[in-house]
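Chemist: Please see the structure below; I have some questions.
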Amino acid sequence: GTHRLAAQYSGDSVYPPESLAAGLYVVGNSISIAIASSSANTIAGQPVTFTAQLDGAVGLAPPSGTVQFLDGATVIATGLVANGAASVTVSSLAPGTHRISAFYGGDAVWASAVSAALIQSVGGGTFTFQQPSVRGR
């Protein structure tokens, strides 16, 4: 957060007394995020769970707040941080390859961070094949 600091010098036989006030912004402690998928390959419409694990320095308060899960630059879900992790389940991924990442916005102790992208493959779903009927003459 932002803190106002003040320093005061009482002076001596050479230098007069001085005081100085300044603002200071303290950046949060760095944290790392690892993202995992419940299944690397899914089918369109099938639910998949993404989990972001947040790791920081031992002895500090655990991270709090939320983690946004993104498909490229698009937010697909937001999860609440509990016990150093956030999880979401989505079933809306279209067929294709998706680059899923996790963004933690930080809190009073921890700075914001983003994970490396996870590649999620989504197949085209299911279909039903019907054999054409054959009619006799």
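Each chain of the structure tokens is named A, B, ... in the order shown, its residues numbered from 1; ligands are numbered from 1 in display order.
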Which residues, written as JSON, numbers by chain, have at least one atom at most 8 Å from A:Pro47, with only C-alpha atoms counted and residues fewer than 2 positions away on the same chain left out?
Modeler: {"A": [42, 45, 49, 89, 90, 91, 92]}
Chemist: Selection from above, all heavy atoms, as a short mmCIF file (atom, residue, chain, number, x, y, z; two decimals), in the first residue's frame, can you write it?
Modeler:
```cif
data_model
loop_
_atom_site.label_atom_id
_atom_site.label_comp_id
_atom_site.auth_asym_id
_atom_site.auth_seq_id
_atom_site.Cartn_x
_atom_site.Cartn_y
_atom_site.Cartn_z
N THR A 42 -10.28 -33.04 -23.89
CA THR A 42 -11.69 -33.17 -23.59
C THR A 42 -12.50 -33.11 -24.88
O THR A 42 -11.95 -32.88 -25.95
CB THR A 42 -12.17 -32.06 -22.63
OG1 THR A 42 -11.93 -30.79 -23.25
CG2 THR A 42 -11.46 -32.10 -21.30
N GLY A 45 -18.32 -29.52 -24.76
CA GLY A 45 -19.47 -29.70 -23.88
C GLY A 45 -19.15 -30.50 -22.62
O GLY A 45 -19.91 -30.50 -21.67
N THR A 49 -11.98 -29.14 -15.23
CA THR A 49 -11.66 -28.32 -14.07
C THR A 49 -10.24 -27.81 -14.20
O THR A 49 -9.31 -28.58 -14.44
CB THR A 49 -11.82 -29.11 -12.76
OG1 THR A 49 -13.17 -29.54 -12.66
CG2 THR A 49 -11.47 -28.26 -11.55
N THR A 89 -14.70 -24.95 -12.90
CA THR A 89 -15.09 -25.98 -13.86
C THR A 89 -15.86 -25.30 -14.97
O THR A 89 -16.81 -24.57 -14.71
CB THR A 89 -15.94 -27.07 -13.19
OG1 THR A 89 -15.17 -27.66 -12.13
CG2 THR A 89 -16.34 -28.15 -14.18
N VAL A 90 -15.44 -25.56 -16.22
CA VAL A 90 -16.11 -24.98 -17.38
C VAL A 90 -16.45 -26.10 -18.36
O VAL A 90 -15.78 -27.12 -18.42
CB VAL A 90 -15.24 -23.91 -18.08
CG1 VAL A 90 -14.98 -22.74 -17.16
CG2 VAL A 90 -13.94 -24.49 -18.57
N SER A 91 -17.51 -25.89 -19.11
CA SER A 91 -17.89 -26.86 -20.15
C SER A 91 -18.22 -26.14 -21.45
O SER A 91 -18.85 -26.70 -22.33
CB SER A 91 -19.08 -27.69 -19.67
OG SER A 91 -20.16 -26.86 -19.33
N SER A 92 -17.76 -24.90 -21.57
CA SER A 92 -18.11 -24.07 -22.72
C SER A 92 -16.99 -23.94 -23.76
O SER A 92 -17.12 -23.14 -24.68
CB SER A 92 -18.50 -22.68 -22.24
OG SER A 92 -17.42 -22.11 -21.51
#
```
Chemist: Go ahead and compute the interatomic distance for atom CA of A:Ile76 and atom CA of A:Leu93, in Å to one decimal.
Modeler: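 Atom CA of A:Leu93 lies 8.9 Å from atom CA of A:Ile76.
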Chemist: Which of these residues is nearest to A:Ser115, using only C-alpha atoms: A:Ser101, A:Thr74, A:Ser30, A:Ser10?
Modeler: A:Ser101
Chemist: Which polymer residues have any atom within 9 Å of an atom of A:Gly28, counting only C-alpha atoms, with same-chain residues fewer than 5 positions away left out, as a PDB file with all heavy atoms, in the first residue's frame?
Modeler:
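File written: around03.pdb
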```
ATOM      1  N   GLY A   1       0.817  -1.187   0.000  1.00  0.00           N
ATOM      2  CA  GLY A   1       0.000   0.000   0.000  1.00  0.00           C
ATOM      3  C   GLY A   1       0.855   1.243   0.000  1.00  0.00           C
ATOM      4  O   GLY A   1       2.073   1.178  -0.079  1.00  0.00           O
ATOM      5  N   GLY A 106      -3.555 -10.050  -6.929  1.00  0.00           N
ATOM      6  CA  GLY A 106      -2.842  -9.627  -5.730  1.00  0.00           C
ATOM      7  C   GLY A 106      -3.776  -9.242  -4.599  1.00  0.00           C
ATOM      8  O   GLY A 106      -4.995  -9.199  -4.750  1.00  0.00           O
ATOM      9  N   ASP A 107      -3.191  -8.975  -3.445  1.00  0.00           N
ATOM     10  CA  ASP A 107      -3.940  -8.525  -2.267  1.00  0.00           C
ATOM     11  C   ASP A 107      -3.018  -7.625  -1.436  1.00  0.00           C
ATOM     12  O   ASP A 107      -2.030  -7.124  -1.957  1.00  0.00           O
ATOM     13  CB  ASP A 107      -4.496  -9.712  -1.472  1.00  0.00           C
ATOM     14  CG  ASP A 107      -3.425 -10.642  -0.915  1.00  0.00           C
ATOM     15  OD1 ASP A 107      -2.234 -10.253  -0.859  1.00  0.00           O
ATOM     16  OD2 ASP A 107      -3.769 -11.765  -0.512  1.00  0.00           O
ATOM     17  N   ALA A 108      -3.308  -7.431  -0.167  1.00  0.00           N
ATOM     18  CA  ALA A 108      -2.513  -6.526   0.666  1.00  0.00           C
ATOM     19  C   ALA A 108      -1.087  -7.033   0.889  1.00  0.00           C
ATOM     20  O   ALA A 108      -0.186  -6.252   1.180  1.00  0.00           O
ATOM     21  CB  ALA A 108      -3.207  -6.320   2.014  1.00  0.00           C
ATOM     22  N   VAL A 109      -0.851  -8.332   0.745  1.00  0.00           N
ATOM     23  CA  VAL A 109       0.464  -8.921   0.983  1.00  0.00           C
ATOM     24  C   VAL A 109       1.158  -9.317  -0.315  1.00  0.00           C
ATOM     25  O   VAL A 109       2.356  -9.148  -0.467  1.00  0.00           O
ATOM     26  CB  VAL A 109       0.339 -10.163   1.902  1.00  0.00           C
ATOM     27  CG1 VAL A 109       1.672 -10.868   2.073  1.00  0.00           C
ATOM     28  CG2 VAL A 109      -0.241  -9.774   3.258  1.00  0.00           C
ATOM     29  N   TRP A 110       0.394  -9.843  -1.256  1.00  0.00           N
ATOM     30  CA  TRP A 110       0.961 -10.444  -2.463  1.00  0.00           C
ATOM     31  C   TRP A 110       0.753  -9.575  -3.702  1.00  0.00           C
ATOM     32  O   TRP A 110      -0.307  -8.992  -3.887  1.00  0.00           O
ATOM     33  CB  TRP A 110       0.330 -11.818  -2.697  1.00  0.00           C
ATOM     34  CG  TRP A 110       0.578 -12.735  -1.546  1.00  0.00           C
ATOM     35  CD1 TRP A 110      -0.309 -13.088  -0.571  1.00  0.00           C
ATOM     36  CD2 TRP A 110       1.804 -13.386  -1.215  1.00  0.00           C
ATOM     37  NE1 TRP A 110       0.288 -13.927   0.335  1.00  0.00           N
ATOM     38  CE2 TRP A 110       1.585 -14.125  -0.034  1.00  0.00           C
ATOM     39  CE3 TRP A 110       3.062 -13.422  -1.807  1.00  0.00           C
ATOM     40  CZ2 TRP A 110       2.580 -14.892   0.567  1.00  0.00           C
ATOM     41  CZ3 TRP A 110       4.057 -14.184  -1.209  1.00  0.00           C
ATOM     42  CH2 TRP A 110       3.813 -14.901  -0.040  1.00  0.00           C
ATOM     43  N   ALA A 111       1.772  -9.536  -4.556  1.00  0.00           N
ATOM     44  CA  ALA A 111       1.692  -8.813  -5.823  1.00  0.00           C
ATOM     45  C   ALA A 111       0.911  -9.647  -6.836  1.00  0.00           C
ATOM     46  O   ALA A 111       0.714 -10.851  -6.645  1.00  0.00           O
ATOM     47  CB  ALA A 111       3.099  -8.541  -6.358  1.00  0.00           C
ATOM     48  N   SER A 112       0.474  -9.030  -7.894  1.00  0.00           N
ATOM     49  CA  SER A 112      -0.238  -9.756  -8.947  1.00  0.00           C
ATOM     50  C   SER A 112       0.740 -10.661  -9.706  1.00  0.00           C
ATOM     51  O   SER A 112       1.940 -10.427  -9.719  1.00  0.00           O
ATOM     52  CB  SER A 112      -0.929  -8.790  -9.900  1.00  0.00           C
ATOM     53  OG  SER A 112       0.031  -7.986 -10.541  1.00  0.00           O
TER      54      SER A 112
END
```
Chemist: Nearest to A:Val114 among A:Ile43, A:Ala102, A:Tyr15, A:Phe69, with distances taken over only C-alpha atoms: which residue is it?
Modeler: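 Answer, going by the shortest atom-to-atom distance: A:Ala102.
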Chemist: Would you list the contacts of A:Ser37 as a PDB file with all heavy atoms, in the first residue's frame, taking every protein, DNA or RNA residue within 8 Å and counting only C-alpha atoms, but skipping same-chain residues closer than 3 positions in sequence?
Modeler:
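Listing of result_24.pdb after writing:
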```pdb
ATOM      1  N   ALA A  40      -6.184 -33.231 -20.035  1.00  0.00           N
ATOM      2  CA  ALA A  40      -5.539 -32.468 -21.100  1.00  0.00           C
ATOM      3  C   ALA A  40      -6.335 -32.486 -22.402  1.00  0.00           C
ATOM      4  O   ALA A  40      -6.234 -31.583 -23.211  1.00  0.00           O
ATOM      5  CB  ALA A  40      -4.133 -33.002 -21.351  1.00  0.00           C
ATOM      6  N   VAL A  48     -14.454 -29.535 -17.693  1.00  0.00           N
ATOM      7  CA  VAL A  48     -13.035 -29.664 -17.352  1.00  0.00           C
ATOM      8  C   VAL A  48     -12.758 -28.698 -16.208  1.00  0.00           C
ATOM      9  O   VAL A  48     -13.278 -27.579 -16.187  1.00  0.00           O
ATOM     10  CB  VAL A  48     -12.113 -29.399 -18.571  1.00  0.00           C
ATOM     11  CG1 VAL A  48     -12.320 -28.011 -19.128  1.00  0.00           C
ATOM     12  CG2 VAL A  48     -10.661 -29.646 -18.225  1.00  0.00           C
ATOM     13  N   THR A  49     -11.981 -29.143 -15.235  1.00  0.00           N
ATOM     14  CA  THR A  49     -11.661 -28.315 -14.074  1.00  0.00           C
ATOM     15  C   THR A  49     -10.235 -27.805 -14.197  1.00  0.00           C
ATOM     16  O   THR A  49      -9.309 -28.582 -14.437  1.00  0.00           O
ATOM     17  CB  THR A  49     -11.821 -29.112 -12.765  1.00  0.00           C
ATOM     18  OG1 THR A  49     -13.175 -29.542 -12.661  1.00  0.00           O
ATOM     19  CG2 THR A  49     -11.469 -28.260 -11.552  1.00  0.00           C
ATOM     20  N   PHE A  50     -10.074 -26.494 -14.035  1.00  0.00           N
ATOM     21  CA  PHE A  50      -8.753 -25.874 -14.018  1.00  0.00           C
ATOM     22  C   PHE A  50      -8.463 -25.445 -12.584  1.00  0.00           C
ATOM     23  O   PHE A  50      -9.324 -24.876 -11.907  1.00  0.00           O
ATOM     24  CB  PHE A  50      -8.708 -24.656 -14.940  1.00  0.00           C
ATOM     25  CG  PHE A  50      -8.929 -24.998 -16.382  1.00  0.00           C
ATOM     26  CD1 PHE A  50     -10.110 -24.642 -17.015  1.00  0.00           C
ATOM     27  CD2 PHE A  50      -7.978 -25.690 -17.107  1.00  0.00           C
ATOM     28  CE1 PHE A  50     -10.329 -24.955 -18.347  1.00  0.00           C
ATOM     29  CE2 PHE A  50      -8.185 -26.017 -18.438  1.00  0.00           C
ATOM     30  CZ  PHE A  50      -9.366 -25.649 -19.054  1.00  0.00           C
ATOM     31  N   THR A  51      -7.237 -25.716 -12.126  1.00  0.00           N
ATOM     32  CA  THR A  51      -6.821 -25.346 -10.777  1.00  0.00           C
ATOM     33  C   THR A  51      -5.548 -24.523 -10.857  1.00  0.00           C
ATOM     34  O   THR A  51      -4.595 -24.915 -11.537  1.00  0.00           O
ATOM     35  CB  THR A  51      -6.573 -26.590  -9.908  1.00  0.00           C
ATOM     36  OG1 THR A  51      -7.782 -27.352  -9.843  1.00  0.00           O
ATOM     37  CG2 THR A  51      -6.153 -26.203  -8.496  1.00  0.00           C
ATOM     38  N   GLN A 120      -4.918 -26.725 -23.758  1.00  0.00           N
ATOM     39  CA  GLN A 120      -6.095 -27.585 -23.561  1.00  0.00           C
ATOM     40  C   GLN A 120      -6.662 -27.936 -24.927  1.00  0.00           C
ATOM     41  O   GLN A 120      -7.055 -27.055 -25.686  1.00  0.00           O
ATOM     42  CB  GLN A 120      -7.150 -26.866 -22.713  1.00  0.00           C
ATOM     43  CG  GLN A 120      -8.378 -27.677 -22.421  1.00  0.00           C
ATOM     44  CD  GLN A 120      -8.099 -28.820 -21.453  1.00  0.00           C
ATOM     45  OE1 GLN A 120      -7.355 -28.660 -20.490  1.00  0.00           O
ATOM     46  NE2 GLN A 120      -8.687 -29.965 -21.711  1.00  0.00           N
TER      47      GLN A 120
END
```
Chemist: Rank A:Asp71, A:Arg99, A:Thr66, A:Asn41 by their smallest atom-to-atom distance to A:Ser87, using only C-alpha atoms, and report the top residue only.
Modeler: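 Closest to A:Ser87, using only C-alpha atoms: A:Thr66.
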Chemist: Could you please determine the separation between atom CA of A:Gly56 and atom CA of A:Leu70 in Å, to one decimal place?
Modeler: 21.7 Å
Chemist: If DSSP is run on the backbone, what residues of stretch 12-105 of chain A are strand (DSSP E)? A reply as a JSON list (two decimals) with N, CA, C and O atoms, in the first residue's frame would be ideal.
Modeler:
```json
[["chain", "number", "residue", "atom", "x", "y", "z"],
["A", 18, "GLU", "N", 16.43, 19.63, 10.26],
["A", 18, "GLU", "CA", 15.71, 19.41, 9.01],
["A", 18, "GLU", "C", 14.65, 18.33, 9.23],
["A", 18, "GLU", "O", 14.80, 17.47, 10.08],
["A", 19, "SER", "N", 13.60, 18.42, 8.45],
["A", 19, "SER", "CA", 12.63, 17.32, 8.43],
["A", 19, "SER", "C", 12.22, 17.10, 6.98],
["A", 19, "SER", "O", 12.28, 18.00, 6.15],
["A", 20, "LEU", "N", 11.85, 15.88, 6.70],
["A", 20, "LEU", "CA", 11.49, 15.52, 5.34],
["A", 20, "LEU", "C", 10.34, 14.52, 5.42],
["A", 20, "LEU", "O", 10.36, 13.59, 6.22],
["A", 21, "ALA", "N", 9.35, 14.73, 4.59],
["A", 21, "ALA", "CA", 8.24, 13.78, 4.50],
["A", 21, "ALA", "C", 8.12, 13.34, 3.05],
["A", 21, "ALA", "O", 8.31, 14.13, 2.13],
["A", 22, "ALA", "N", 7.82, 12.08, 2.86],
["A", 22, "ALA", "CA", 7.70, 11.56, 1.49],
["A", 22, "ALA", "C", 6.69, 10.43, 1.47],
["A", 22, "ALA", "O", 6.47, 9.75, 2.48],
["A", 23, "GLY", "N", 6.09, 10.22, 0.32],
["A", 23, "GLY", "CA", 5.19, 9.09, 0.14],
["A", 23, "GLY", "C", 5.97, 7.90, -0.41],
["A", 23, "GLY", "O", 6.94, 8.06, -1.14],
["A", 24, "LEU", "N", 5.54, 6.73, -0.06],
["A", 24, "LEU", "CA", 6.21, 5.52, -0.51],
["A", 24, "LEU", "C", 5.16, 4.47, -0.82],
["A", 24, "LEU", "O", 4.23, 4.26, -0.04],
["A", 25, "TYR", "N", 5.28, 3.83, -1.96],
["A", 25, "TYR", "CA", 4.37, 2.74, -2.31],
["A", 25, "TYR", "C", 5.15, 1.44, -2.17],
["A", 25, "TYR", "O", 6.20, 1.26, -2.78],
["A", 32, "SER", "N", 4.10, -17.13, -7.19],
["A", 32, "SER", "CA", 4.08, -17.85, -8.46],
["A", 32, "SER", "C", 2.77, -18.63, -8.58],
["A", 32, "SER", "O", 2.17, -19.00, -7.58],
["A", 33, "ILE", "N", 2.36, -18.85, -9.83],
["A", 33, "ILE", "CA", 1.12, -19.58, -10.09],
["A", 33, "ILE", "C", 1.41, -20.72, -11.05],
["A", 33, "ILE", "O", 2.04, -20.53, -12.08],
["A", 34, "ALA", "N", 0.94, -21.90, -10.69],
["A", 34, "ALA", "CA", 0.99, -23.05, -11.59],
["A", 34, "ALA", "C", -0.45, -23.45, -11.89],
["A", 34, "ALA", "O", -1.29, -23.50, -10.99],
["A", 35, "ILE", "N", -0.75, -23.72, -13.15],
["A", 35, "ILE", "CA", -2.11, -24.09, -13.53],
["A", 35, "ILE", "C", -2.13, -25.54, -14.01],
["A", 35, "ILE", "O", -1.19, -26.00, -14.65],
["A", 36, "ALA", "N", -3.20, -26.25, -13.66],
["A", 36, "ALA", "CA", -3.36, -27.64, -14.06],
["A", 36, "ALA", "C", -4.79, -27.87, -14.54],
["A", 36, "ALA", "O", -5.71, -27.14, -14.16],
["A", 37, "SER", "N", -4.96, -28.90, -15.36],
["A", 37, "SER", "CA", -6.26, -29.27, -15.91],
["A", 37, "SER", "C", -6.61, -30.67, -15.43],
["A", 37, "SER", "O", -5.73, -31.52, -15.27],
["A", 41, "ASN", "N", -7.14, -33.53, -22.60],
["A", 41, "ASN", "CA", -7.95, -33.67, -23.81],
["A", 41, "ASN", "C", -9.40, -33.89, -23.40],
["A", 41, "ASN", "O", -9.70, -34.81, -22.64],
["A", 42, "THR", "N", -10.28, -33.04, -23.89],
["A", 42, "THR", "CA", -11.69, -33.17, -23.59],
["A", 42, "THR", "C", -12.50, -33.11, -24.88],
["A", 42, "THR", "O", -11.95, -32.88, -25.95],
["A", 43, "ILE", "N", -13.78, -33.27, -24.74],
["A", 43, "ILE", "CA", -14.71, -33.17, -25.86],
["A", 43, "ILE", "C", -15.59, -31.95, -25.62],
["A", 43, "ILE", "O", -15.94, -31.65, -24.47],
["A", 48, "VAL", "N", -14.45, -29.54, -17.69],
["A", 48, "VAL", "CA", -13.04, -29.66, -17.35],
["A", 48, "VAL", "C", -12.76, -28.70, -16.21],
["A", 48, "VAL", "O", -13.28, -27.58, -16.19],
["A", 49, "THR", "N", -11.98, -29.14, -15.23],
["A", 49, "THR", "CA", -11.66, -28.32, -14.07],
["A", 49, "THR", "C", -10.24, -27.81, -14.20],
["A", 49, "THR", "O", -9.31, -28.58, -14.44],
["A", 50, "PHE", "N", -10.07, -26.49, -14.04],
["A", 50, "PHE", "CA", -8.75, -25.87, -14.02],
["A", 50, "PHE", "C", -8.46, -25.44, -12.58],
["A", 50, "PHE", "O", -9.32, -24.88, -11.91],
["A", 51, "THR", "N", -7.24, -25.72, -12.13],
["A", 51, "THR", "CA", -6.82, -25.35, -10.78],
["A", 51, "THR", "C", -5.55, -24.52, -10.86],
["A", 51, "THR", "O", -4.60, -24.92, -11.54],
["A", 52, "ALA", "N", -5.55, -23.39, -10.17],
["A", 52, "ALA", "CA", -4.36, -22.53, -10.07],
["A", 52, "ALA", "C", -3.82, -22.64, -8.66],
["A", 52, "ALA", "O", -4.54, -22.37, -7.69],
["A", 53, "GLN", "N", -2.57, -23.07, -8.54],
["A", 53, "GLN", "CA", -1.90, -23.19, -7.24],
["A", 53, "GLN", "C", -1.01, -21.97, -7.06],
["A", 53, "GLN", "O", -0.15, -21.71, -7.91],
["A", 54, "LEU", "N", -1.20, -21.21, -5.98],
["A", 54, "LEU", "CA", -0.42, -20.01, -5.71],
["A", 54, "LEU", "C", 0.61, -20.32, -4.64],
["A", 54, "LEU", "O", 0.26, -20.80, -3.56],
["A", 55, "ASP", "N", 1.88, -20.06, -4.94],
["A", 55, "ASP", "CA", 2.97, -20.35, -4.00],
["A", 55, "ASP", "C", 3.79, -19.11, -3.74],
["A", 55, "ASP", "O", 4.24, -18.45, -4.68],
["A", 66, "THR", "N", -9.26, -13.41, -5.71],
["A", 66, "THR", "CA", -9.74, -14.26, -6.79],
["A", 66, "THR", "C", -8.66, -14.47, -7.84],
["A", 66, "THR", "O", -7.70, -13.72, -7.92],
["A", 67, "VAL", "N", -8.88, -15.51, -8.65],
["A", 67, "VAL", "CA", -8.04, -15.81, -9.80],
["A", 67, "VAL", "C", -8.94, -15.82, -11.02],
["A", 67, "VAL", "O", -10.00, -16.45, -11.01],
["A", 68, "GLN", "N", -8.52, -15.11, -12.07],
["A", 68, "GLN", "CA", -9.25, -15.15, -13.34],
["A", 68, "GLN", "C", -8.58, -16.21, -14.23],
["A", 68, "GLN", "O", -7.36, -16.23, -14.35],
["A", 69, "PHE", "N", -9.40, -17.05, -14.83],
["A", 69, "PHE", "CA", -8.92, -18.04, -15.78],
["A", 69, "PHE", "C", -9.23, -17.52, -17.18],
["A", 69, "PHE", "O", -10.36, -17.12, -17.45],
["A", 70, "LEU", "N", -8.21, -17.50, -18.03],
["A", 70, "LEU", "CA", -8.34, -16.91, -19.36],
["A", 70, "LEU", "C", -8.08, -17.92, -20.46],
["A", 70, "LEU", "O", -7.22, -18.80, -20.30],
["A", 71, "ASP", "N", -8.82, -17.78, -21.54],
["A", 71, "ASP", "CA", -8.56, -18.52, -22.77],
["A", 71, "ASP", "C", -8.00, -17.48, -23.73],
["A", 71, "ASP", "O", -8.74, -16.67, -24.27],
["A", 74, "THR", "N", -9.33, -13.79, -23.20],
["A", 74, "THR", "CA", -10.73, -13.77, -22.78],
["A", 74, "THR", "C", -10.90, -14.47, -21.44],
["A", 74, "THR", "O", -10.50, -15.63, -21.29],
["A", 75, "VAL", "N", -11.51, -13.78, -20.47],
["A", 75, "VAL", "CA", -11.80, -14.39, -19.17],
["A", 75, "VAL", "C", -12.93, -15.40, -19.35],
["A", 75, "VAL", "O", -14.00, -15.05, -19.86],
["A", 76, "ILE", "N", -12.68, -16.65, -18.95],
["A", 76, "ILE", "CA", -13.71, -17.69, -19.08],
["A", 76, "ILE", "C", -14.34, -18.05, -17.74],
["A", 76, "ILE", "O", -15.43, -18.61, -17.70],
["A", 77, "ALA", "N", -13.66, -17.72, -16.63],
["A", 77, "ALA", "CA", -14.21, -18.01, -15.30],
["A", 77, "ALA", "C", -13.35, -17.32, -14.25],
["A", 77, "ALA", "O", -12.19, -16.98, -14.49],
["A", 78, "THR", "N", -13.93, -17.12, -13.07],
["A", 78, "THR", "CA", -13.21, -16.54, -11.93],
["A", 78, "THR", "C", -13.42, -17.45, -10.73],
["A", 78, "THR", "O", -14.55, -17.86, -10.45],
["A", 79, "GLY", "N", -12.32, -17.77, -10.04],
["A", 79, "GLY", "CA", -12.41, -18.63, -8.87],
["A", 79, "GLY", "C", -11.89, -17.94, -7.63],
["A", 79, "GLY", "O", -10.98, -17.11, -7.69],
["A", 80, "LEU", "N", -12.46, -18.28, -6.49],
["A", 80, "LEU", "CA", -12.07, -17.72, -5.19],
["A", 80, "LEU", "C", -10.87, -18.48, -4.65],
["A", 80, "LEU", "O", -10.83, -19.71, -4.69],
["A", 85, "ALA", "N", -5.14, -21.95, -3.36],
["A", 85, "ALA", "CA", -5.51, -22.41, -4.70],
["A", 85, "ALA", "C", -6.89, -21.89, -5.07],
["A", 85, "ALA", "O", -7.69, -21.54, -4.21],
["A", 86, "ALA", "N", -7.15, -21.88, -6.39],
["A", 86, "ALA", "CA", -8.48, -21.53, -6.90],
["A", 86, "ALA", "C", -8.80, -22.51, -8.02],
["A", 86, "ALA", "O", -7.93, -22.84, -8.83],
["A", 87, "SER", "N", -10.04, -22.99, -8.05],
["A", 87, "SER", "CA", -10.47, -23.94, -9.08],
["A", 87, "SER", "C", -11.78, -23.48, -9.69],
["A", 87, "SER", "O", -12.62, -22.90, -9.01],
["A", 88, "VAL", "N", -11.93, -23.79, -10.98],
["A", 88, "VAL", "CA", -13.18, -23.54, -11.69],
["A", 88, "VAL", "C", -13.44, -24.71, -12.62],
["A", 88, "VAL", "O", -12.52, -25.39, -13.05],
["A", 89, "THR", "N", -14.70, -24.95, -12.90],
["A", 89, "THR", "CA", -15.09, -25.98, -13.86],
["A", 89, "THR", "C", -15.86, -25.30, -14.97],
["A", 89, "THR", "O", -16.81, -24.57, -14.71],
["A", 90, "VAL", "N", -15.44, -25.56, -16.22],
["A", 90, "VAL", "CA", -16.11, -24.98, -17.38],
["A", 90, "VAL", "C", -16.45, -26.10, -18.36],
["A", 90, "VAL", "O", -15.78, -27.12, -18.42],
["A", 96, "GLY", "N", -11.09, -27.37, -30.56],
["A", 96, "GLY", "CA", -9.85, -26.72, -30.96],
["A", 96, "GLY", "C", -8.83, -26.73, -29.85],
["A", 96, "GLY", "O", -9.00, -27.42, -28.84],
["A", 97, "THR", "N", -7.77, -25.96, -30.02],
["A", 97, "THR", "CA", -6.71, -25.85, -29.03],
["A", 97, "THR", "C", -6.85, -24.52, -28.30],
["A", 97, "THR", "O", -7.02, -23.48, -28.93],
["A", 98, "HIS", "N", -6.78, -24.58, -26.99],
["A", 98, "HIS", "CA", -6.96, -23.38, -26.16],
["A", 98, "HIS", "C", -5.73, -23.16, -25.29],
["A", 98, "HIS", "O", -5.17, -24.12, -24.76],
["A", 99, "ARG", "N", -5.32, -21.89, -25.16],
["A", 99, "ARG", "CA", -4.21, -21.52, -24.28],
["A", 99, "ARG", "C", -4.82, -20.94, -23.01],
["A", 99, "ARG", "O", -5.24, -19.79, -22.98],
["A", 100, "ILE", "N", -4.88, -21.77, -21.96],
["A", 100, "ILE", "CA", -5.51, -21.38, -20.70],
["A", 100, "ILE", "C", -4.44, -20.88, -19.73],
["A", 100, "ILE", "O", -3.42, -21.53, -19.54],
["A", 101, "SER", "N", -4.68, -19.72, -19.13],
["A", 101, "SER", "CA", -3.76, -19.18, -18.13],
["A", 101, "SER", "C", -4.57, -18.67, -16.94],
["A", 101, "SER", "O", -5.80, -18.55, -17.00],
["A", 102, "ALA", "N", -3.86, -18.40, -15.86],
["A", 102, "ALA", "CA", -4.49, -17.91, -14.64],
["A", 102, "ALA", "C", -3.85, -16.58, -14.25],
["A", 102, "ALA", "O", -2.63, -16.44, -14.29],
["A", 103, "PHE", "N", -4.69, -15.60, -13.88],
["A", 103, "PHE", "CA", -4.21, -14.28, -13.45],
["A", 103, "PHE", "C", -4.68, -14.02, -12.02],
["A", 103, "PHE", "O", -5.88, -14.07, -11.74],
["A", 104, "TYR", "N", -3.72, -13.75, -11.13],
["A", 104, "TYR", "CA", -4.02, -13.39, -9.75],
["A", 104, "TYR", "C", -3.76, -11.90, -9.61],
["A", 104, "TYR", "O", -2.68, -11.42, -9.90]]
```
Chemist: Between atom CA of A:Gly105 and atom CA of A:Ala117, measure the distance and give it in Å to one decimal.
Modeler: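 Between atom CA of A:Gly105 and atom CA of A:Ala117 the gap is 16.7 Å.
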